[in-house]
$ cat input27.cif   # mmCIF, C-alpha atoms
data_coords
loop_
_atom_site.group_PDB
_atom_site.id
_atom_site.type_symbol
_atom_site.label_atom_id
_atom_site.label_comp_id
_atom_site.auth_asym_id
_atom_site.auth_seq_id
_atom_site.Cartn_x
_atom_site.Cartn_y
_atom_site.Cartn_z
ATOM 1 C CA MET A 1 -8.758 9.043 26.883
ATOM 2 C CA PRO A 2 -11.798 7.358 25.203
ATOM 3 C CA ARG A 3 -13.114 4.140 26.686
ATOM 4 C CA ALA A 4 -14.832 1.187 24.999
ATOM 5 C CA ASP A 5 -18.088 2.125 26.782
ATOM 6 C CA GLY A 6 -18.044 5.611 25.188
ATOM 7 C CA GLY A 7 -17.001 7.346 28.408
ATOM 8 C CA THR A 8 -13.757 9.179 29.033
ATOM 9 C CA ALA A 9 -11.031 7.877 31.323
ATOM 10 C CA VAL A 10 -9.572 10.573 33.560
ATOM 11 C CA LEU A 11 -5.986 10.128 34.718
ATOM 12 C CA VAL A 12 -4.097 12.195 37.290
ATOM 13 C CA VAL A 13 -0.301 12.247 37.515
ATOM 14 C CA ARG A 14 0.646 11.113 41.022
ATOM 15 C CA LYS A 15 4.435 11.179 40.801
ATOM 16 C CA ILE A 16 7.340 11.758 38.428
ATOM 17 C CA GLN A 17 10.606 10.086 39.403
ATOM 18 C CA GLN A 18 14.097 10.280 37.896
ATOM 19 C CA VAL A 19 16.314 7.300 38.705
ATOM 20 C CA ASP A 20 19.697 6.058 37.578
ATOM 21 C CA LYS A 21 19.215 3.112 35.214
ATOM 22 C CA LYS A 22 21.309 0.975 37.592
ATOM 23 C CA ASP A 23 18.749 1.669 40.360
ATOM 24 C CA PHE A 24 15.595 1.039 38.296
ATOM 25 C CA PRO A 25 12.674 0.202 40.653
ATOM 26 C CA THR A 26 11.458 -2.895 38.771
ATOM 27 C CA ASN A 27 8.921 -4.040 41.385
ATOM 28 C CA LYS A 28 7.464 -0.558 41.788
ATOM 29 C CA VAL A 29 7.048 -0.100 38.024
ATOM 30 C CA TYR A 30 6.051 -3.616 36.936
ATOM 31 C CA GLY A 31 4.736 -5.125 40.159
ATOM 32 C CA ALA A 32 1.194 -5.234 41.480
ATOM 33 C CA ALA A 33 -0.401 -1.842 42.116
ATOM 34 C CA ASP A 34 -3.021 -0.918 44.695
ATOM 35 C CA ARG A 35 -4.946 1.139 42.097
ATOM 36 C CA PRO A 36 -5.329 1.140 38.306
ATOM 37 C CA GLY A 37 -3.224 3.505 36.238
ATOM 38 C CA PRO A 38 -0.451 3.596 33.677
ATOM 39 C CA ARG A 39 3.245 4.174 34.086
ATOM 40 C CA LEU A 40 5.181 5.995 31.392
ATOM 41 C CA LEU A 41 8.920 5.330 31.015
ATOM 42 C CA THR A 42 11.441 7.393 29.077
ATOM 43 C CA CYS A 43 15.129 8.261 29.215
ATOM 44 C CA GLY A 44 16.649 11.305 30.871
ATOM 45 C CA GLY A 45 19.713 12.606 32.639
ATOM 46 C CA PRO A 46 23.082 13.417 31.161
ATOM 47 C CA LEU A 47 24.535 11.714 28.109
ATOM 48 C CA VAL A 48 27.053 9.042 29.065
ATOM 49 C CA GLY A 49 28.689 7.167 26.228
ATOM 50 C CA GLY A 50 25.981 8.346 23.827
ATOM 51 C CA HIS A 51 23.087 7.217 26.052
ATOM 52 C CA ARG A 52 21.013 8.905 28.747
ATOM 53 C CA SER A 53 22.048 7.683 32.197
ATOM 54 C CA ASP A 54 18.634 7.864 33.882
ATOM 55 C CA ASN A 55 15.040 6.775 33.465
ATOM 56 C CA ILE A 56 12.143 9.169 33.974
ATOM 57 C CA ILE A 57 9.077 7.380 35.357
ATOM 58 C CA LEU A 58 5.615 8.939 35.426
ATOM 59 C CA TYR A 59 2.999 7.278 37.651
ATOM 60 C CA ALA A 60 -0.649 8.117 36.989
ATOM 61 C CA ASP A 61 -3.899 7.036 38.626
ATOM 62 C CA LEU A 62 -7.234 6.359 36.981
ATOM 63 C CA VAL A 63 -9.713 8.582 38.828
ATOM 64 C CA SER A 64 -12.831 8.013 36.696
#

$ encode --input "input27.cif" --output "C-alpha coordinates"
Amino acid sequence: MPRADGGTAVLVVRKIQQVDKKDFPTNKVYGAADRPGPRLLTCGGPLVGGHRSDNIILYADLVS
(Lines of atoms letter the chains of each structure in order from A and count residues from 1; the text may use other names and numbers.)
(Lines give C-alpha, C1' and ligand atoms only; values in the text may rest on other atoms or scores of the structure.)
Protein backbone atom coordinates (compact mmCIF):
# COMPACT_ATOMS: atom_id res chain seq x y z
CA MET A 1 0.00 0.00 0.00
CA PRO A 2 1.69 3.30 -1.08
CA ARG A 3 2.14 6.02 1.50
CA ALA A 4 2.20 9.80 1.09
CA ASP A 5 5.93 9.79 1.96
CA GLY A 6 6.68 7.44 -0.97
CA GLY A 7 7.22 4.41 1.28
CA THR A 8 5.11 1.28 1.37
CA ALA A 9 2.82 0.38 4.26
CA VAL A 10 3.05 -3.27 5.25
CA LEU A 11 -0.01 -4.85 6.84
CA VAL A 12 -0.30 -8.28 8.44
CA VAL A 13 -3.63 -10.03 9.00
CA ARG A 14 -3.94 -10.73 12.73
CA LYS A 15 -7.38 -12.33 12.88
CA ILE A 16 -10.42 -13.22 10.79
CA GLN A 17 -13.67 -13.57 12.71
CA GLN A 18 -17.14 -14.70 11.62
CA VAL A 19 -19.96 -13.46 13.85
CA ASP A 20 -23.73 -13.48 13.71
CA LYS A 21 -24.96 -9.99 12.81
CA LYS A 22 -26.95 -9.95 16.07
CA ASP A 23 -23.67 -10.40 18.00
CA PHE A 24 -21.61 -7.80 16.11
CA PRO A 25 -18.65 -6.68 18.29
CA THR A 26 -19.15 -2.92 17.82
CA ASN A 27 -16.57 -1.79 20.40
CA LYS A 28 -13.94 -4.21 19.12
CA VAL A 29 -14.41 -3.09 15.50
CA TYR A 30 -15.04 0.65 15.94
CA GLY A 31 -13.52 1.33 19.35
CA ALA A 32 -10.03 2.48 20.23
CA ALA A 33 -7.24 0.12 19.18
CA ASP A 34 -3.87 -0.43 20.84
CA ARG A 35 -2.12 -0.41 17.43
CA PRO A 36 -2.79 1.09 13.99
CA GLY A 37 -4.40 -1.05 11.33
CA PRO A 38 -7.55 -1.42 9.27
CA ARG A 39 -10.55 -3.63 9.75
CA LEU A 40 -12.37 -5.03 6.74
CA LEU A 41 -16.07 -5.94 7.06
CA THR A 42 -18.13 -8.06 4.69
CA CYS A 43 -21.10 -10.41 4.81
CA GLY A 44 -20.95 -14.18 5.13
CA GLY A 45 -22.78 -17.20 6.46
CA PRO A 46 -25.91 -18.80 5.12
CA LEU A 47 -28.63 -16.93 3.26
CA VAL A 48 -31.57 -16.13 5.52
CA GLY A 49 -34.45 -14.27 3.95
CA GLY A 50 -32.25 -13.24 1.02
CA HIS A 51 -29.45 -11.85 3.21
CA ARG A 52 -26.28 -13.31 4.70
CA SER A 53 -26.71 -13.95 8.42
CA ASP A 54 -23.13 -13.23 9.51
CA ASN A 55 -20.40 -10.63 9.25
CA ILE A 56 -16.83 -11.56 8.39
CA ILE A 57 -14.33 -9.24 10.09
CA LEU A 58 -10.66 -9.08 9.14
CA TYR A 59 -8.29 -7.36 11.59
CA ALA A 60 -4.90 -6.26 10.27
CA ASP A 61 -1.92 -4.54 11.88
CA LEU A 62 0.39 -1.97 10.37
CA VAL A 63 3.89 -3.41 10.82
CA SER A 64 5.92 -0.85 8.84

$ closest_residue --input "input27.cif" --among "A:Pro2, A:Ala9, A:Arg39, A:Ile56" --to "Lys21 (chain A)" --atoms "all atoms listed in the file"
A:Ile56

$ closest_residue --input "input27.cif" --among "A:Val12, A:Ile57, A:Ala4, A:Val48" --to "Tyr30 (chain A)" --atoms "all atoms listed in the file"
A:Ile57

$ residues_around --input "input27.cif" --residues "Pro36 (chain A)" --least-positions-apart "5" --cutoff "10 Å" --atoms "all atoms listed in the file" --output "number ranges by chain"
A: 11, 60-63

$ closest_residue --input "input27.cif" --among "A:Gln18, A:Asp23, A:Asp5, A:Val13" --to "Gly44 (chain A)" --atoms "only C-alpha atoms"
A:Gln18

$ atom_distance --input "input27.cif" --atom1 "CA of Lys22 (chain A)" --atom2 "CA of Tyr59 (chain A)"
19.4 Å

$ atom_distance --input "input27.cif" --atom1 "CA of Arg52 (chain A)" --atom2 "CA of Thr26 (chain A)"
18.2 Å

$ atom_distance --input "input27.cif" --atom1 "CA of Val19 (chain A)" --atom2 "CA of Leu47 (chain A)"
14.1 Å

$ axis_aligned_box --input "input27.cif" --around "region 33-44 of chain A" --padding-each-side "3 Å" --output "AutoDock Vina command-line options"
--center_x 5.7 --center_y 4.7 --center_z 36.9 --size_x 28.0 --size_y 19.1 --size_z 21.6

$ closest_residue --input "input27.cif" --among "A:Thr8, A:Asn55, A:Ser64, A:Gln17" --to "Thr42 (chain A)" --atoms "all atoms listed in the file"
A:Asn55

$ closest_residue --input "input27.cif" --among "A:Arg3, A:Phe24, A:Arg14, A:Gly50" --to "Pro38 (chain A)" --atoms "all atoms listed in the file"
A:Arg14

$ closest_residue --input "input27.cif" --among "A:Ser53, A:Asp20, A:Leu58, A:Val10" --to "Leu40 (chain A)" --atoms "only C-alpha atoms"
A:Leu58
